[in-house]
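The structure appears right after this line, and notes come after that.
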Amino acid sequence: MFLQQIFNGLTLGGIYAMIAVGYTMIYGVIQLINFAHGEIYMLGAFFAFTFINFLGLPFYAAFVLSMACCAVCGMLLDIVAYRPLRQSPRLAALITAIGMSIFLQNLAMIIWGSRPVPFPQQVVPAYFEKTAVTFAGVNLSWFQLFIFGVTIFMMLGLNLIILKTRWGKAMRAVAQNKTMAALTGIHVNQVITWTFALAGALGAAAGILVGAYYNALYPTMGYVAGVKAFAAAVLGGIGSVPGAMLGGVVLGVAEALGAGYLSSLYRDGISYAVMIIVIVFIPAGFFGKLIRESKKSI
Amino acid sequence: MGKLAVPKMSLGGKVKTGFLILALILPALPWVTQYMIHVVILIYLYMILALGLNIVPGFNGLLDLGYVGFYGIGAYTSGLLTVHFGFSYWLIIPLAFVNGAIWGILLGAPTLRLTGDYFAIVTFGFSELVVLFLTNEIWLTRGPLGLPGIAPPGIDLSWIGGPNWEFYGELPYYYLIIAMVLLTVFVMHRIQDSRLGRAWFAVRDDELAAVSCGVNLLTYKVIAFAISAAFGAVGGSFFARWVTFLSPDMFKFWESFLVLCMIVLGGMGNIWGVMVGAAVLVSLSEILRELLPLVGLPAEVRFLAFGLIMVFMMRFRPAGLMPIPAVAAQMRAGRVKRKKS
């Protein structure tokens with residue numbers, strides 16, 4: 001039972017980690033809490049739903065296409081909403097982020113309706129439901145293994161991009177110092193937009209996995225998931241990509257254990273509480289640098 | 001000569017007096033329906049909330065996303081004290097005020113040391129925890145079933161041999177809330193011009209300069225947050241006694257967002273501006289609530305418009321429709337710098 005909870009938590013945590021990485025990357029490059037990130041995750045799930053239901057695409061194709069669409073959405077979000085405010089006080093960008101989040105949520109409500117819709121089960125490979133491994137009383141379904149696989153693949157891929165490519169190098173440079181990065185010939189705005197694309201694609205993947213795993217899509221799903229992922233990012237130390245990964249996994253396990261042993265009613269409350277406690281007592285998280293108030297927030 | 005000089009009223013003063021008179025005689029006007037009175041009460045209630053929230057983003061430059069948490073605390077304080085102990089509303093107002101302030105201090109003292117965006121997210125988490133608590137602690141709040149049967153306020157004069165008069169219909173509430181709005185506006189004006197208010201503005205304009213002048217950042221921010229929370233709780237206490245039914249759903253994040261939107265629209269830091277913002281947005285919200293079902297959309301979709309308002313305001317008029325110069329200058333500062341370089 002205990003181990004089962006741990007593994008359920010790991011499944012969930014991997015998904016949180018994928019969203020949290022998006023938050024942390026965006027915070028890294030422009031020091032903005034992108035509240036609309038949860039909505040990108042929701043859009044990812046709904047795009048996949050639409051591709052499967054209306055275009056008749058198979059699961060994996062819809063998965064990849066939806067990621068691509070969300071990458072574009074992320075870029076658009078940056079270009080339309082955030083880029084004009086690059087020089088504005090942080091409060092302005094933060095308010096815009098909340099506005100965009102609410103806007104996208106309600107747009108989704110207009111397009112897909114406010115009731116939860118089931119994920120089209122016929123395209124999800126049938127063996128996903130079956131138990132793949134059983135050991136020490138723990139049952140892992142193929143789907144859970146698939147989620148682990150996708151998570152690990154994405155995280156390794158992301159690390160590769162950030163550490164080994166020119167583009168990743170540019171991203172790290174922008175995160176350290178925008179002016180210096182611009183002086184060395186990096187097109188800062190482009191790098192930021194591409195970061196949004198990367199974050200959007202990861203968020204979409206997480207959204208599709210959650211939608212298919214819980215078999216329910218609804219326009220407000222990004223709201224809670226977004227906050228939890230943000231909590232994970234804070235736990236890991238905001239701005240740190242490995243931190244966000246670890247934070248997501250830890251939060252997922254904490255939530256599964258808390259829901260299993262303390263109170264399932266406060267399932268969502270556990271993330272909020274963890275977030276507040278971490279922010280108050282160890283604001284640097286696991287790997288983050290302590291952020292001091294260097295710029296005015298308004 | 002020798003005559004007393006009658007102080008001349010400025011144009012703004014005349015407009016404000018005109019609005020006050022209009023507000024006082026509004027229920028007597030012939031074409032005003034009960035529903036309109038209801039909506040106007042709602043507008044006044046949101047004015048109190050917006051004025052309360054205004055202290056944090058407007059006077060201090062910090063983003064508070066969890067205002068509805070204090071509103072909910074005030075509402076349930078009022079509801080529970082009425083249902084279980086039969087407290088008089090006149091006693092509940094100060095109690096709600098104090099309870100809101102206590103929670104404001106409890107949340108603010110540890111978190112206001114943090115940077116602005118961390119503070120924003122903590123307040124958000126707090127308000128979500130409040131809703132979860134209200135939903136799940138069924139022994140106290142009856143959870144999702146809601147808390148019905150909250151007695152309306154009354155004026156009990158039986159202790160001096162007078163009548164015991166209980167509020168009935170919308171009218172008494174209407175005048176009660178007008179009195180509360182006037183009191184709130186008065187307090188806000190006094191605070192704004194006091195040492196406290198000036199210290200807040202200094203913090204908002206430049207923290208470093210404020211510290212150098214001997215302003216203790218944490219203390220002043222906590223005071224601001226506590227006062228803001230207290231006004232939110234007072235608004236909630238009125239809400240509970242007015243609708244006489246509470247449910248945790250009433251205190252979702254949407255409400256915080258709506259109040260924040262009012263401030264952004266009206267002009268952060270401008271007392272009259274946020275009141276106008278409240279009037280505009282509550283009216284818009286009610287109109288959309290009527291119109292949207294006609295075109296086959298759920299009424300919640302009206303928040304789409306509010307989201308867009310916020311995005312466009314930040315893009316084109318970041319200091320609001322009625323900006324105050326200091327905030328406008330600050331919001332412009334970055335852009336000017338960009339032009340120079």
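Within each chain, counting starts at residue 1; across the structure tokens, chains are named A, B, ... in the order shown, with ligands numbered 1 upward in that order.
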Query - Backbone-only DSSP, helix (DSSP H, G or I) members of stretch 75-162 of chain B, as a ChimeraX atom specification - result: /B:75-85,89-111,116-136,138-141,143-145,158-160
Query raised in the report: Residues of chain B within 7 Å of chain A, using only C-alpha atoms, as a list in words?
Result: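 For chain B, the answer reads Gly61, Leu62, Leu63, Pro110, Thr111, Thr115, Gly116, Val122, Gly125, Leu129, Leu132, Asn136, Leu297, Val301, Phe303, Leu304, Gly307, Leu308, Met310, Val311, Met314, Arg315, Pro318, Met331, Gly334 and Arg335 of chain B.
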Requested in this report: Return the single residue from A:Phe287, A:Phe196, A:Phe46, A:Phe63 that is closest to A:Val150, with distances computed using only C-alpha atoms.
Outcome: A:Phe63
Requested in this report: Name the closest residue to B:Ala199 among the candidates B:Tyr220, B:Tyr173, B:Tyr118, B:Phe316; distances are taken between atoms, counting only C-alpha atoms.
Outcome: B:Tyr220
Report task. Extract, using only C-alpha atoms, all DNA, RNA and protein residues at most 12 Å from B:Leu176, discarding same-chain residues fewer than 5 positions from it, and format them as a PyMOL selection string. Result -> chain B and resi 24+41+44-45+89-90+93+153-155+167+170-171+181-183+235+238-239+241-242
Neighbouring residues of B:Leu292 were defined as those with any atom within 12 Å, considering only C-alpha atoms; residues of the same chain fewer than 3 positions away were excluded. Please report them as a tab-separated table (two decimals) with N, CA and C atoms, in the first residue's frame.
chain	number	residue	atom	x	y	z
A	110	ILE	N	-15.73	28.74	-23.82
A	110	ILE	CA	-16.61	29.04	-24.95
A	110	ILE	C	-16.47	27.97	-26.03
B	284	LEU	N	-21.11	46.04	-15.56
B	284	LEU	CA	-20.76	45.23	-16.74
B	284	LEU	C	-21.02	43.75	-16.47
B	285	SER	N	-20.62	43.33	-15.28
B	285	SER	CA	-20.80	41.93	-14.90
B	285	SER	C	-22.28	41.54	-14.92
B	286	GLU	N	-23.13	42.44	-14.37
B	286	GLU	CA	-24.57	42.14	-14.34
B	286	GLU	C	-25.17	42.13	-15.75
B	287	ILE	N	-24.73	43.10	-16.57
B	287	ILE	CA	-25.26	43.15	-17.94
B	287	ILE	C	-24.87	41.89	-18.69
B	288	LEU	N	-23.59	41.50	-18.57
B	288	LEU	CA	-23.14	40.31	-19.29
B	288	LEU	C	-23.84	39.07	-18.77
B	289	ARG	N	-24.10	39.04	-17.46
B	289	ARG	CA	-24.80	37.89	-16.89
B	289	ARG	C	-26.18	37.71	-17.52
B	295	VAL	N	-27.16	34.50	-25.89
B	295	VAL	CA	-26.43	34.00	-27.05
B	295	VAL	C	-25.92	32.58	-26.81
B	296	GLY	N	-26.45	31.94	-25.79
B	296	GLY	CA	-26.16	30.52	-25.59
B	296	GLY	C	-24.83	30.24	-24.92
B	297	LEU	N	-24.31	31.19	-24.15
B	297	LEU	CA	-23.03	30.96	-23.46
B	297	LEU	C	-23.28	30.95	-21.96
B	298	PRO	N	-22.50	30.17	-21.22
B	298	PRO	CA	-22.67	30.21	-19.76
B	298	PRO	C	-22.25	31.57	-19.22
B	299	ALA	N	-22.88	31.99	-18.12
B	299	ALA	CA	-22.66	33.33	-17.59
B	299	ALA	C	-21.23	33.52	-17.08
B	300	GLU	N	-20.53	32.40	-16.75
B	300	GLU	CA	-19.17	32.56	-16.21
B	300	GLU	C	-18.23	33.15	-17.26
B	301	VAL	N	-18.61	32.99	-18.53
B	301	VAL	CA	-17.72	33.43	-19.61
B	301	VAL	C	-17.46	34.93	-19.55
B	302	ARG	N	-18.27	35.67	-18.77
B	302	ARG	CA	-18.05	37.11	-18.69
B	302	ARG	C	-16.65	37.44	-18.19
B	303	PHE	N	-16.03	36.51	-17.50
B	303	PHE	CA	-14.68	36.79	-17.02
B	303	PHE	C	-13.68	36.93	-18.16
B	304	LEU	N	-14.04	36.42	-19.32
B	304	LEU	CA	-13.21	36.63	-20.51
B	304	LEU	C	-13.01	38.12	-20.73
B	305	ALA	N	-14.09	38.86	-20.62
B	305	ALA	CA	-14.00	40.31	-20.81
B	305	ALA	C	-13.10	40.93	-19.76
Report summary line: Counting only C-alpha atoms, closest pick from B:Val327, B:Val32, B:Met188, B:Cys261 relative to B:Leu51 is B:Met188
Query - Test item: residues at most 12 Å from B:Gly197, only C-alpha atoms, excluding those fewer than 4 positions along its chain, as a count of residues only - result: 23
